[in-house]
$ cat work30.cif   # mmCIF, C-alpha atoms and all ligand atoms
data_start
loop_
_atom_site.label_atom_id
_atom_site.label_comp_id
_atom_site.auth_asym_id
_atom_site.auth_seq_id
_atom_site.Cartn_x
_atom_site.Cartn_y
_atom_site.Cartn_z
CA GLN A 8 -22.48 -23.48 -36.31
CA THR A 9 -22.35 -21.70 -39.61
CA ASP A 10 -26.04 -20.85 -39.78
CA ILE A 11 -26.12 -18.34 -36.94
CA PRO A 12 -25.68 -14.57 -37.17
CA SER A 13 -22.33 -12.93 -36.48
CA LEU A 14 -22.11 -10.98 -33.23
CA ALA A 15 -19.61 -8.51 -34.70
CA GLU A 16 -21.90 -7.89 -37.69
CA ALA A 17 -24.89 -7.39 -35.42
CA TYR A 18 -23.01 -4.57 -33.68
CA ALA A 19 -21.18 -3.27 -36.76
CA ASP A 20 -22.89 0.14 -36.49
CA ASP A 21 -22.28 0.40 -32.75
CA PHE A 22 -18.80 -0.74 -31.67
CA PRO A 23 -16.25 -3.50 -32.32
CA ILE A 24 -16.69 -6.80 -30.49
CA GLY A 25 -13.48 -8.30 -29.14
CA ALA A 26 -12.09 -11.34 -27.38
CA ALA A 27 -9.01 -12.17 -25.33
CA ILE A 28 -7.24 -15.20 -26.76
CA THR A 29 -4.22 -17.47 -26.46
CA PRO A 30 -1.90 -18.16 -29.41
CA GLU A 31 -3.26 -21.74 -29.62
CA GLN A 32 -6.74 -20.40 -30.30
CA THR A 33 -5.62 -18.95 -33.64
CA GLU A 34 -5.99 -22.46 -35.06
CA GLY A 35 -8.78 -25.02 -35.30
CA PRO A 36 -12.48 -24.63 -34.45
CA MET A 37 -11.82 -21.82 -31.97
CA ALA A 38 -10.22 -19.76 -34.74
CA GLU A 39 -13.33 -20.25 -36.89
CA LEU A 40 -15.57 -19.08 -34.05
CA LEU A 41 -13.41 -15.99 -33.55
CA LYS A 42 -13.33 -15.14 -37.25
CA LYS A 43 -17.08 -15.24 -37.40
CA HIS A 44 -17.98 -13.30 -34.26
CA VAL A 45 -15.24 -10.85 -33.31
CA ASN A 46 -13.36 -8.07 -35.05
CA MET A 47 -10.98 -7.14 -32.25
CA LEU A 48 -8.45 -9.26 -30.36
CA VAL A 49 -6.37 -8.92 -27.23
CA ALA A 50 -3.78 -11.35 -25.85
CA GLU A 51 -5.03 -12.97 -22.66
CA ASN A 52 -1.47 -13.40 -21.34
CA VAL A 53 1.28 -13.30 -23.95
CA MET A 54 1.76 -9.53 -24.08
CA LYS A 55 2.31 -9.22 -20.33
CA PRO A 56 5.83 -8.28 -19.12
CA MET A 57 6.56 -11.80 -17.80
CA LEU A 58 6.03 -13.28 -21.25
CA LEU A 59 7.66 -10.49 -23.28
CA GLN A 60 10.80 -9.84 -21.21
CA PRO A 61 11.31 -12.80 -18.85
CA THR A 62 15.02 -11.97 -18.52
CA GLU A 63 16.32 -8.42 -18.57
CA GLY A 64 17.14 -7.38 -22.12
CA GLN A 65 15.86 -10.61 -23.71
CA PHE A 66 12.58 -9.97 -25.43
CA ARG A 67 10.44 -12.85 -26.70
CA PHE A 68 7.82 -11.90 -29.25
CA GLU A 69 7.06 -15.25 -30.96
CA GLN A 70 3.88 -16.12 -29.04
CA ALA A 71 2.46 -12.60 -29.19
CA ASP A 72 3.27 -12.38 -32.89
CA ARG A 73 1.07 -15.41 -33.60
CA ILE A 74 -1.90 -13.37 -32.41
CA VAL A 75 -0.78 -10.30 -34.39
CA GLU A 76 -0.46 -12.44 -37.51
CA PHE A 77 -3.93 -13.95 -37.03
CA ALA A 78 -5.44 -10.49 -36.58
CA ARG A 79 -3.71 -9.24 -39.73
CA GLU A 80 -4.85 -12.18 -41.83
CA ASN A 81 -8.45 -11.67 -40.74
CA GLY A 82 -8.58 -7.88 -40.74
CA MET A 83 -9.21 -7.65 -37.00
CA GLN A 84 -8.17 -4.76 -34.76
CA LEU A 85 -5.87 -5.46 -31.82
CA ARG A 86 -5.65 -4.10 -28.28
CA PHE A 87 -2.53 -4.38 -26.15
CA HIS A 88 -2.72 -5.80 -22.59
CA THR A 89 -0.70 -4.72 -20.64
CA LEU A 90 2.45 -2.63 -20.31
CA VAL A 91 2.36 -2.49 -16.49
CA TRP A 92 0.76 -4.76 -13.89
CA HIS A 93 1.56 -5.94 -10.37
CA GLN A 94 1.09 -9.56 -11.52
CA GLN A 95 2.91 -11.48 -14.25
CA THR A 96 5.94 -9.20 -14.01
CA PRO A 97 9.34 -10.89 -13.76
CA ALA A 98 11.10 -10.51 -10.41
CA TRP A 99 14.24 -8.98 -11.94
CA PHE A 100 12.39 -5.67 -12.38
CA PHE A 101 12.28 -5.29 -8.60
CA HIS A 102 15.81 -6.44 -7.65
CA ASP A 103 18.83 -4.12 -7.60
CA ARG A 104 22.06 -4.86 -9.50
CA GLU A 105 23.37 -6.84 -6.50
CA GLY A 106 20.27 -9.04 -6.51
CA LYS A 107 18.69 -7.47 -3.41
CA ARG A 108 14.93 -6.93 -3.36
CA MET A 109 14.35 -3.22 -3.79
CA THR A 110 11.44 -3.32 -1.33
CA ASP A 111 13.84 -4.46 1.43
CA GLU A 112 16.12 -1.42 1.01
CA THR A 113 16.10 1.01 3.95
CA ASP A 114 18.96 3.35 3.00
CA PRO A 115 17.36 6.53 1.57
CA ALA A 116 20.12 7.14 -1.01
CA LYS A 117 19.91 3.57 -2.28
CA ARG A 118 16.14 3.74 -2.35
CA GLU A 119 16.44 6.78 -4.62
CA GLU A 120 18.86 4.89 -6.87
CA ASN A 121 16.52 1.90 -6.99
CA LYS A 122 13.60 4.05 -7.97
CA LYS A 123 15.64 5.51 -10.81
CA LEU A 124 16.71 2.05 -11.98
CA LEU A 125 13.15 0.69 -11.86
CA LEU A 126 11.79 3.60 -13.88
CA GLU A 127 14.59 3.20 -16.44
CA ARG A 128 13.73 -0.47 -16.81
CA LEU A 129 10.09 0.44 -17.23
CA GLU A 130 10.85 3.04 -19.91
CA ASN A 131 13.06 0.59 -21.72
CA HIS A 132 10.44 -2.18 -21.63
CA ILE A 133 7.81 0.16 -22.97
CA ARG A 134 10.05 1.58 -25.69
CA VAL A 135 11.03 -1.84 -27.08
CA VAL A 136 7.57 -3.40 -26.78
CA VAL A 137 5.65 -0.46 -28.24
CA GLU A 138 8.13 -0.17 -31.08
CA HIS A 139 7.56 -3.85 -31.89
CA PHE A 140 3.75 -3.69 -32.00
CA LYS A 141 2.92 -0.12 -32.91
CA ASP A 142 2.18 -0.69 -36.59
CA ASP A 143 -0.55 -3.19 -35.65
CA ILE A 144 -1.86 -1.83 -32.34
CA LYS A 145 -3.44 1.55 -31.67
CA SER A 146 -5.18 0.82 -28.35
CA TRP A 147 -3.01 0.18 -25.28
CA ASP A 148 -3.62 -0.83 -21.68
CA VAL A 149 -0.75 1.13 -20.20
CA VAL A 150 -1.36 0.39 -16.52
CA ASN A 151 -3.64 -2.27 -15.07
CA GLU A 152 -5.33 -2.32 -11.63
CA VAL A 153 -3.35 0.48 -9.99
CA VAL A 154 -6.25 1.70 -7.84
CA GLU A 155 -7.17 -0.14 -4.65
CA PRO A 156 -9.40 1.85 -2.33
CA SER A 157 -8.50 -0.28 0.70
CA ASP A 158 -4.75 0.38 0.37
CA PRO A 159 -3.18 3.52 1.90
CA GLY A 160 -4.02 6.52 -0.28
CA GLY A 161 -6.27 4.36 -2.40
CA LEU A 162 -3.43 3.27 -4.69
CA ARG A 163 -2.42 -0.39 -4.91
CA ASN A 164 0.46 -1.04 -2.57
CA SER A 165 2.35 -3.08 -5.17
CA GLU A 166 6.11 -3.35 -5.60
CA TRP A 167 5.78 -0.68 -8.27
CA TYR A 168 4.16 1.67 -5.78
CA GLN A 169 6.41 0.81 -2.86
CA ILE A 170 9.54 1.53 -4.89
CA ALA A 171 8.46 4.39 -7.15
CA GLY A 172 5.25 5.87 -5.68
CA ILE A 173 2.79 7.32 -8.17
CA ASP A 174 5.66 8.18 -10.54
CA TYR A 175 5.61 4.75 -12.19
CA ILE A 176 2.14 5.48 -13.56
CA GLU A 177 3.18 8.85 -14.95
CA THR A 178 6.40 7.43 -16.42
CA ALA A 179 4.50 4.59 -18.10
CA PHE A 180 2.03 6.89 -19.85
CA ARG A 181 4.70 9.35 -20.95
CA ALA A 182 6.94 6.58 -22.29
CA ALA A 183 4.00 4.96 -24.08
CA ARG A 184 3.02 8.24 -25.74
CA GLU A 185 6.57 8.92 -26.81
CA ALA A 186 6.94 5.49 -28.39
CA ALA A 187 3.42 5.00 -29.77
CA GLY A 188 2.89 8.50 -31.15
CA PRO A 189 0.01 10.96 -30.96
CA ASP A 190 -2.63 8.74 -32.61
CA ALA A 191 -2.34 5.85 -30.18
CA LYS A 192 -5.05 5.57 -27.51
CA LEU A 193 -3.67 5.03 -24.02
CA TYR A 194 -5.84 3.46 -21.30
CA ILE A 195 -5.88 2.99 -17.56
CA ASN A 196 -7.60 -0.36 -17.00
CA ASP A 197 -9.31 -1.63 -13.85
CA TYR A 198 -12.05 -3.85 -12.43
CA ASN A 199 -15.18 -2.94 -10.43
CA THR A 200 -15.10 0.54 -11.94
CA ASN A 201 -18.84 0.76 -11.26
CA GLU A 202 -18.30 0.70 -7.49
CA PRO A 203 -18.37 4.24 -6.07
CA ALA A 204 -15.18 3.88 -4.00
CA LYS A 205 -13.14 2.45 -6.89
CA ARG A 206 -14.66 4.75 -9.47
CA ASP A 207 -14.12 7.90 -7.44
CA ARG A 208 -10.50 7.13 -6.51
CA LEU A 209 -9.78 6.28 -10.15
CA TYR A 210 -11.43 9.51 -11.22
CA GLU A 211 -9.34 11.57 -8.78
CA LEU A 212 -6.17 9.86 -9.93
CA VAL A 213 -6.89 10.36 -13.61
CA LYS A 214 -7.85 13.97 -13.05
CA GLU A 215 -4.67 14.65 -11.11
CA LEU A 216 -2.57 13.06 -13.86
CA LEU A 217 -4.38 14.87 -16.67
CA ASP A 218 -3.90 18.15 -14.82
CA ARG A 219 -0.17 17.42 -14.85
CA GLY A 220 -0.26 16.81 -18.60
CA VAL A 221 0.07 13.03 -18.41
CA PRO A 222 -1.23 11.56 -21.69
CA ILE A 223 -4.25 9.39 -20.80
CA ASP A 224 -6.94 8.87 -23.44
CA GLY A 225 -9.35 6.49 -21.81
CA VAL A 226 -10.52 4.13 -19.11
CA GLY A 227 -10.74 0.38 -19.57
CA HIS A 228 -13.61 -1.11 -17.60
CA GLN A 229 -12.81 -4.80 -17.16
CA THR A 230 -16.44 -5.75 -16.43
CA HIS A 231 -15.88 -9.16 -14.83
CA VAL A 232 -19.45 -9.48 -13.60
CA ASN A 233 -21.67 -12.30 -12.37
CA VAL A 234 -25.34 -13.15 -12.71
CA ASP A 235 -26.11 -11.29 -9.46
CA TRP A 236 -24.12 -8.19 -10.28
CA PRO A 237 -25.78 -4.78 -9.89
CA SER A 238 -27.56 -3.24 -12.85
CA ALA A 239 -25.57 -2.17 -15.89
CA ASP A 240 -26.57 1.41 -15.04
CA SER A 241 -23.80 1.71 -12.47
CA LEU A 242 -21.22 0.90 -15.15
CA ILE A 243 -22.73 3.35 -17.63
CA GLU A 244 -22.84 6.02 -14.95
CA SER A 245 -19.14 5.48 -14.29
CA MET A 246 -18.36 5.76 -18.01
CA ARG A 247 -20.32 9.00 -18.18
CA LYS A 248 -18.25 10.41 -15.34
CA PHE A 249 -14.99 9.66 -17.16
CA ALA A 250 -16.39 10.92 -20.45
CA GLY A 251 -16.88 14.21 -18.59
CA LEU A 252 -13.08 14.43 -18.44
CA GLY A 253 -12.95 13.99 -22.21
CA LEU A 254 -11.97 10.32 -21.89
CA ASP A 255 -12.89 7.34 -23.99
CA ASN A 256 -14.43 4.20 -22.39
CA ILE A 257 -13.91 0.57 -23.37
CA VAL A 258 -15.36 -2.62 -21.91
CA THR A 259 -12.09 -4.53 -21.86
CA GLU A 260 -12.58 -7.93 -20.20
CA MET A 261 -16.24 -8.82 -20.06
CA ASP A 262 -17.47 -12.15 -18.74
CA MET A 263 -20.34 -13.15 -16.44
CA SER A 264 -19.81 -15.86 -13.85
CA ILE A 265 -22.81 -18.12 -13.24
CA TYR A 266 -21.99 -17.94 -9.51
CA ALA A 267 -22.58 -14.96 -7.25
CA TYR A 268 -19.46 -13.94 -5.26
CA ASN A 269 -20.50 -15.76 -2.10
CA ASN A 270 -21.81 -18.84 -3.91
CA ARG A 271 -19.43 -21.74 -3.39
CA SER A 272 -21.55 -24.42 -5.11
CA ASP A 273 -20.32 -26.20 -8.24
CA TYR A 274 -22.77 -26.99 -11.04
CA GLY A 275 -20.23 -29.02 -12.99
CA ASP A 276 -21.72 -29.98 -16.37
CA ASP A 277 -25.30 -29.68 -15.08
CA ILE A 278 -25.87 -25.96 -14.96
CA PRO A 279 -29.49 -25.36 -13.93
CA GLU A 280 -31.67 -24.09 -16.77
CA ALA A 281 -32.77 -21.16 -14.61
CA VAL A 282 -29.15 -20.03 -14.21
CA ILE A 283 -28.49 -20.23 -17.97
CA GLN A 284 -31.64 -18.18 -18.54
CA LYS A 285 -30.74 -15.66 -15.89
CA GLN A 286 -27.33 -15.23 -17.49
CA ALA A 287 -28.98 -14.61 -20.86
CA ASP A 288 -31.29 -12.01 -19.31
CA ARG A 289 -28.39 -10.24 -17.65
CA TYR A 290 -26.34 -10.25 -20.88
CA ARG A 291 -29.35 -8.79 -22.69
CA GLU A 292 -29.56 -6.01 -20.14
CA PHE A 293 -25.84 -5.19 -20.50
CA PHE A 294 -25.90 -5.24 -24.29
CA GLU A 295 -29.00 -3.07 -24.41
CA ALA A 296 -27.22 -0.61 -22.15
CA PHE A 297 -24.07 -0.69 -24.31
CA ARG A 298 -26.07 -0.19 -27.49
CA ASP A 299 -28.19 2.61 -26.00
CA ASN A 300 -24.97 4.30 -24.92
CA ARG A 301 -22.84 3.63 -27.93
CA ASP A 302 -21.59 7.22 -27.84
CA LEU A 303 -19.91 6.24 -24.55
CA VAL A 304 -18.82 2.67 -25.26
CA SER A 305 -16.11 2.49 -27.90
CA ALA A 306 -15.63 -1.33 -27.87
CA VAL A 307 -16.84 -4.41 -26.00
CA VAL A 308 -14.15 -7.02 -25.47
CA PHE A 309 -14.83 -10.40 -23.85
CA TRP A 310 -12.24 -12.17 -21.71
CA GLY A 311 -12.44 -15.32 -23.79
CA ILE A 312 -15.06 -16.49 -26.26
CA ALA A 313 -16.31 -19.94 -25.24
CA ASP A 314 -16.73 -21.66 -21.86
CA SER A 315 -14.11 -24.30 -22.73
CA HIS A 316 -11.42 -21.76 -21.83
CA THR A 317 -11.85 -19.16 -19.09
CA TRP A 318 -9.76 -17.89 -16.17
CA LEU A 319 -12.85 -18.49 -14.02
CA HIS A 320 -12.39 -22.26 -14.06
CA ASP A 321 -10.75 -22.78 -10.64
CA PHE A 322 -11.48 -19.23 -9.48
CA PRO A 323 -12.19 -18.52 -6.68
CA VAL A 324 -12.94 -22.18 -5.91
CA GLN A 325 -10.22 -24.65 -6.92
CA GLY A 326 -11.56 -27.45 -9.13
CA ARG A 327 -14.84 -25.70 -9.93
CA THR A 328 -15.88 -24.94 -13.50
CA ASP A 329 -17.69 -21.81 -14.65
CA ALA A 330 -19.56 -20.83 -17.81
CA PRO A 331 -19.23 -17.04 -18.18
CA LEU A 332 -19.20 -16.53 -21.96
CA LEU A 333 -21.62 -16.54 -24.92
CA PHE A 334 -20.58 -19.94 -26.33
CA ASP A 335 -20.58 -23.20 -24.38
CA ARG A 336 -17.78 -25.72 -23.81
CA GLN A 337 -18.58 -27.34 -27.19
CA LEU A 338 -18.40 -23.89 -28.84
CA GLN A 339 -22.17 -23.80 -29.41
CA ALA A 340 -24.18 -20.58 -29.03
CA LYS A 341 -25.84 -20.25 -25.60
CA PRO A 342 -29.06 -18.40 -24.74
CA ALA A 343 -26.72 -15.54 -23.71
CA PHE A 344 -25.52 -15.30 -27.32
CA TRP A 345 -29.07 -14.99 -28.62
CA ALA A 346 -29.85 -12.39 -25.98
CA ALA A 347 -26.89 -10.30 -27.14
CA ILE A 348 -28.03 -10.65 -30.76
CA GLU A 349 -31.59 -9.62 -29.86
CA ALA A 350 -30.31 -6.63 -27.90
CA ALA A 351 -28.62 -5.36 -31.07
CA LYS A 352 -31.94 -5.31 -32.91
CA SER A 353 -34.36 -4.14 -30.28
O1 LIG B 1 2.13 -20.75 -18.66
C1 LIG B 1 2.29 -21.29 -17.33
C2 LIG B 1 2.68 -22.73 -17.38
O2 LIG B 1 3.94 -22.84 -18.00
C3 LIG B 1 2.71 -23.26 -15.96
O3 LIG B 1 2.99 -24.61 -15.98
C4 LIG B 1 1.36 -23.05 -15.28
C5 LIG B 1 1.35 -23.51 -13.82
O4 LIG B 1 0.58 -22.68 -13.01
O5 LIG B 1 1.09 -21.68 -15.29
C6 LIG B 1 0.98 -21.13 -16.59
O6 LIG B 1 0.75 -19.75 -16.44
C7 LIG B 1 -0.57 -19.37 -16.07
C8 LIG B 1 -1.04 -18.38 -17.10
O7 LIG B 1 -2.31 -17.89 -16.72
C9 LIG B 1 -1.15 -18.97 -18.50
O8 LIG B 1 -2.09 -19.98 -18.53
C10 LIG B 1 -0.55 -18.75 -14.69
O9 LIG B 1 -0.25 -19.72 -13.72
C11 LIG B 1 -1.89 -18.14 -14.39
O10 LIG B 1 -1.81 -17.40 -13.17
C12 LIG B 1 -2.28 -17.19 -15.50
O11 LIG B 1 -3.56 -16.68 -15.19
C13 LIG B 1 -3.91 -15.49 -15.89
C14 LIG B 1 -4.14 -14.35 -14.91
O12 LIG B 1 -4.56 -13.20 -15.60
C15 LIG B 1 -2.88 -14.02 -14.12
O13 LIG B 1 -3.20 -13.44 -12.94
C16 LIG B 1 -5.20 -15.77 -16.67
O14 LIG B 1 -4.95 -16.73 -17.68
C17 LIG B 1 -5.71 -14.46 -17.29
O15 LIG B 1 -6.99 -14.68 -17.84
C18 LIG B 1 -5.81 -13.39 -16.22
O16 LIG B 1 -6.23 -12.19 -16.84
C19 LIG B 1 -6.51 -11.09 -15.97
C20 LIG B 1 -6.13 -9.82 -16.70
O17 LIG B 1 -4.80 -9.88 -17.16
C21 LIG B 1 -6.34 -8.60 -15.83
N1 LIG B 1 -7.68 -8.55 -15.29
C22 LIG B 1 -8.14 -9.78 -14.64
C23 LIG B 1 -7.98 -10.98 -15.56
C24 LIG B 1 -8.53 -12.23 -14.92
O18 LIG B 1 -7.81 -12.55 -13.77
#

$ encode --input "work30.cif" --output "structure tokens"
Amino acid sequence: QTDIPSLAEAYADDFPIGAAITPEQTEGPMAELLKKHVNMLVAENVMKPMLLQPTEGQFRFEQADRIVEFARENGMQLRFHTLVWHQQTPAWFFHDREGKRMTDETDPAKREENKKLLLERLENHIRVVVEHFKDDIKSWDVVNEVVEPSDPGGLRNSEWYQIAGIDYIETAFRAAREAAGPDAKLYINDYNTNEPAKRDRLYELVKELLDRGVPIDGVGHQTHVNVDWPSADSLIESMRKFAGLGLDNIVTEMDMSIYAYNNRSDYGDDIPEAVIQKQADRYREFFEAFRDNRDLVSAVVFWGIADSHTWLHDFPVQGRTDAPLLFDRQLQAKPAFWAAIEAAKS
């Protein structure tokens, strides 16, 4: 579709519009769609530790560099996702030099040694990776999904946490600042940041770290929502709370499942018209809220661009397809796209 407006142009005065992509999507019809509608990119997977340093000391940048190259050629900004996560991290990070899982260690002296080794590996990963991308990337997800209100102390009980406690978060931000320099923007990224329990624990954590001088510039709000999600107000309210700490806010991974959380049905290729319309209405509401609060929202990044490719196929129901984005499986604009365009003008 060449005769439709550009989403990025519609929001040019407000904030950049982004999308998470795979290296393959930098070619063919998907690339054309991206060039027209987005001016910011993030790698859906290929900048995660598992893909960048699968074996200790052996960095692989080819896949990630395809995305960097595509962004350069088309004058798009880039975001980095992610320096630290509890998923998609190679197992070697968490094994000692003898090959024993660090989380199995009971000897206090060895546990101390393991913690030191893990943090050294983390610093090294960050130094090499940031050095590689820093000329092209100014916006970094440093840690991802570290808060989990139902875990002890409200921090995710990941291998990172079990081995190094809260120190891995502090180390990651300090190493990122050192390597990326003072102008880089460093984010703590998480989902359901509108929920009071998540939001408040995240707020406490960030405040504690800032008080200790840890360099955090902003909060990434993933914004994986669904058609029955609460009003956009709860998200804006959360952003306002973090802005009160002097922090920047980004919508980092937006998509909108056509299924409510407890809905296990599967519409297949026959999505009811009413659901498509409801999705458009909900997207309109979110984009009106983003536009009305553009002083708070510094970018809106989708987790994908068209329904042909989304992590929500198979999630949480194996074999089920979803349709969470603004373009359909044939890359055609959906009612949700037009709603987002109208929200820019209204
Ligand atoms: O590349 C391998 C392939 O070689 C292998 O044969 C195949 C078999 O399973 O797996 C492929 O890797 C998959 C990878 O995506 C690339 O397609 C992984 O299994 C799969 O788990 C992985 O899923 C990604 C997921 O993060 C990992 O948990 C999704 O694509 C990605 O969209 C998703 O992104 C996350 C954000 O990073 C953080 N926030 C939530 C968001 C959605 O879950």

$ closest_residue --input "work30.cif" --among "A:Arg184, A:Arg336, A:Lys205, A:Arg298" --to "Arg163 of chain A" --atoms "all atoms listed in the file"
A:Lys205

$ residues_around --input "work30.cif" --residues "Thr200 of chain A" --least-positions-apart "2" --cutoff "7 Å" --atoms "only C-alpha atoms" --output "PDB file with C-alpha atoms, in the coordinates of the input"
ATOM      1  CA  ASP A 197      -9.310  -1.630 -13.850  1.00  0.00           C
ATOM      2  CA  TYR A 198     -12.050  -3.850 -12.430  1.00  0.00           C
ATOM      3  CA  GLU A 202     -18.300   0.700  -7.490  1.00  0.00           C
ATOM      4  CA  LYS A 205     -13.140   2.450  -6.890  1.00  0.00           C
ATOM      5  CA  ARG A 206     -14.660   4.750  -9.470  1.00  0.00           C
ATOM      6  CA  HIS A 228     -13.610  -1.110 -17.600  1.00  0.00           C
ATOM      7  CA  LEU A 242     -21.220   0.900 -15.150  1.00  0.00           C
ATOM      8  CA  SER A 245     -19.140   5.480 -14.290  1.00  0.00           C
TER       9      SER A 245
END

$ closest_residue --input "work30.cif" --among "A:Asn81, A:Ser353, A:Gln229, A:Gln60" --to "ligand LIG 1 (chain B)" --atoms "all atoms listed in the file"
A:Gln229

$ closest_atom_pairs --input "work30.cif" --of "segment 133-222 of chain A" --to "segment 255-261 of chain A" --cutoff "12 Å" --atoms "only C-alpha atoms" --output "Markdown table"
| residue | atom | partner | partner_atom | distance |
| --- | --- | --- | --- | --- |
| A:Ser146 | CA | A:Ile257 | CA | 10.1 |
| A:Trp147 | CA | A:Thr259 | CA | 10.8 |
| A:Asp148 | CA | A:Thr259 | CA | 9.2 |
| A:Asn151 | CA | A:Thr259 | CA | 11.1 |
| A:Lys192 | CA | A:Asp255 | CA | 8.8 |
| A:Leu193 | CA | A:Asp255 | CA | 9.5 |
| A:Tyr194 | CA | A:Asp255 | CA | 8.5 |
| A:Ile195 | CA | A:Asn256 | CA | 9.9 |
| A:Asn196 | CA | A:Thr259 | CA | 7.8 |
| A:Asp197 | CA | A:Thr259 | CA | 9.0 |
| A:Tyr198 | CA | A:Glu260 | CA | 8.8 |
| A:Asn199 | CA | A:Glu260 | CA | 11.3 |
| A:Thr200 | CA | A:Val258 | CA | 10.5 |
| A:Asn201 | CA | A:Val258 | CA | 11.7 |

$ residues_near_ligand --input "work30.cif" --ligand "ligand LIG 1 (chain B)" --cutoff "10 Å" --atoms "all atoms listed in the file" --output "PyMOL selection string"
chain A and resi 27-29+50-55+57-58+88-89+92-95+151-152+196-198+228-231+259-262+310-311+316-320+322

$ closest_residue --input "work30.cif" --among "A:Val91, A:Val324, A:Val213, A:Val221" --to "Ser272 of chain A" --atoms "all atoms listed in the file"
A:Val324

$ atom_distance --input "work30.cif" --atom1 "atom CA of Ile144 of chain A" --atom2 "atom CA of Phe87 of chain A"
6.7 Å

$ closest_residue --input "work30.cif" --among "A:Ile24, A:Ala98, A:Leu126, A:Val282" --to "Thr62 of chain A" --atoms "all atoms listed in the file"
A:Ala98

$ closest_residue --input "work30.cif" --among "A:Pro279, A:Pro30, A:Gly35, A:Pro97" --to "Phe68 of chain A" --atoms "only C-alpha atoms"
A:Pro30

$ closest_residue --input "work30.cif" --among "A:Tyr266, A:Tyr210, A:Phe297, A:Phe344" --to "Leu254 of chain A" --atoms "all atoms listed in the file"
A:Tyr210

$ atom_distance --input "work30.cif" --atom1 "atom CA of Ile74 of chain A" --atom2 "atom CA of Glu34 of chain A"
10.3 Å

$ residues_near_point --input "work30.cif" --point "(-18.4, -0.4, -26.9)" --cutoff "12 Å" --atoms "all atoms listed in the file" --output "JSON, numbers by chain"
{"A": [15, 18, 19, 20, 21, 22, 23, 24, 25, 47, 226, 227, 228, 230, 243, 246, 255, 256, 257, 258, 259, 260, 261, 293, 294, 295, 296, 297, 298, 299, 300, 301, 302, 303, 304, 305, 306, 307, 308, 309]}

$ atom_distance --input "work30.cif" --atom1 "atom CA of Gly220 of chain A" --atom2 "atom CA of Ser157 of chain A"
27.1 Å

$ residues_around --input "work30.cif" --residues "Ala330 of chain A" --least-positions-apart "2" --cutoff "10 Å" --atoms "only C-alpha atoms" --output "PyMOL selection string"
chain A and resi 262-266+274-276+278+283+286+313-317+319-320+328+332-336
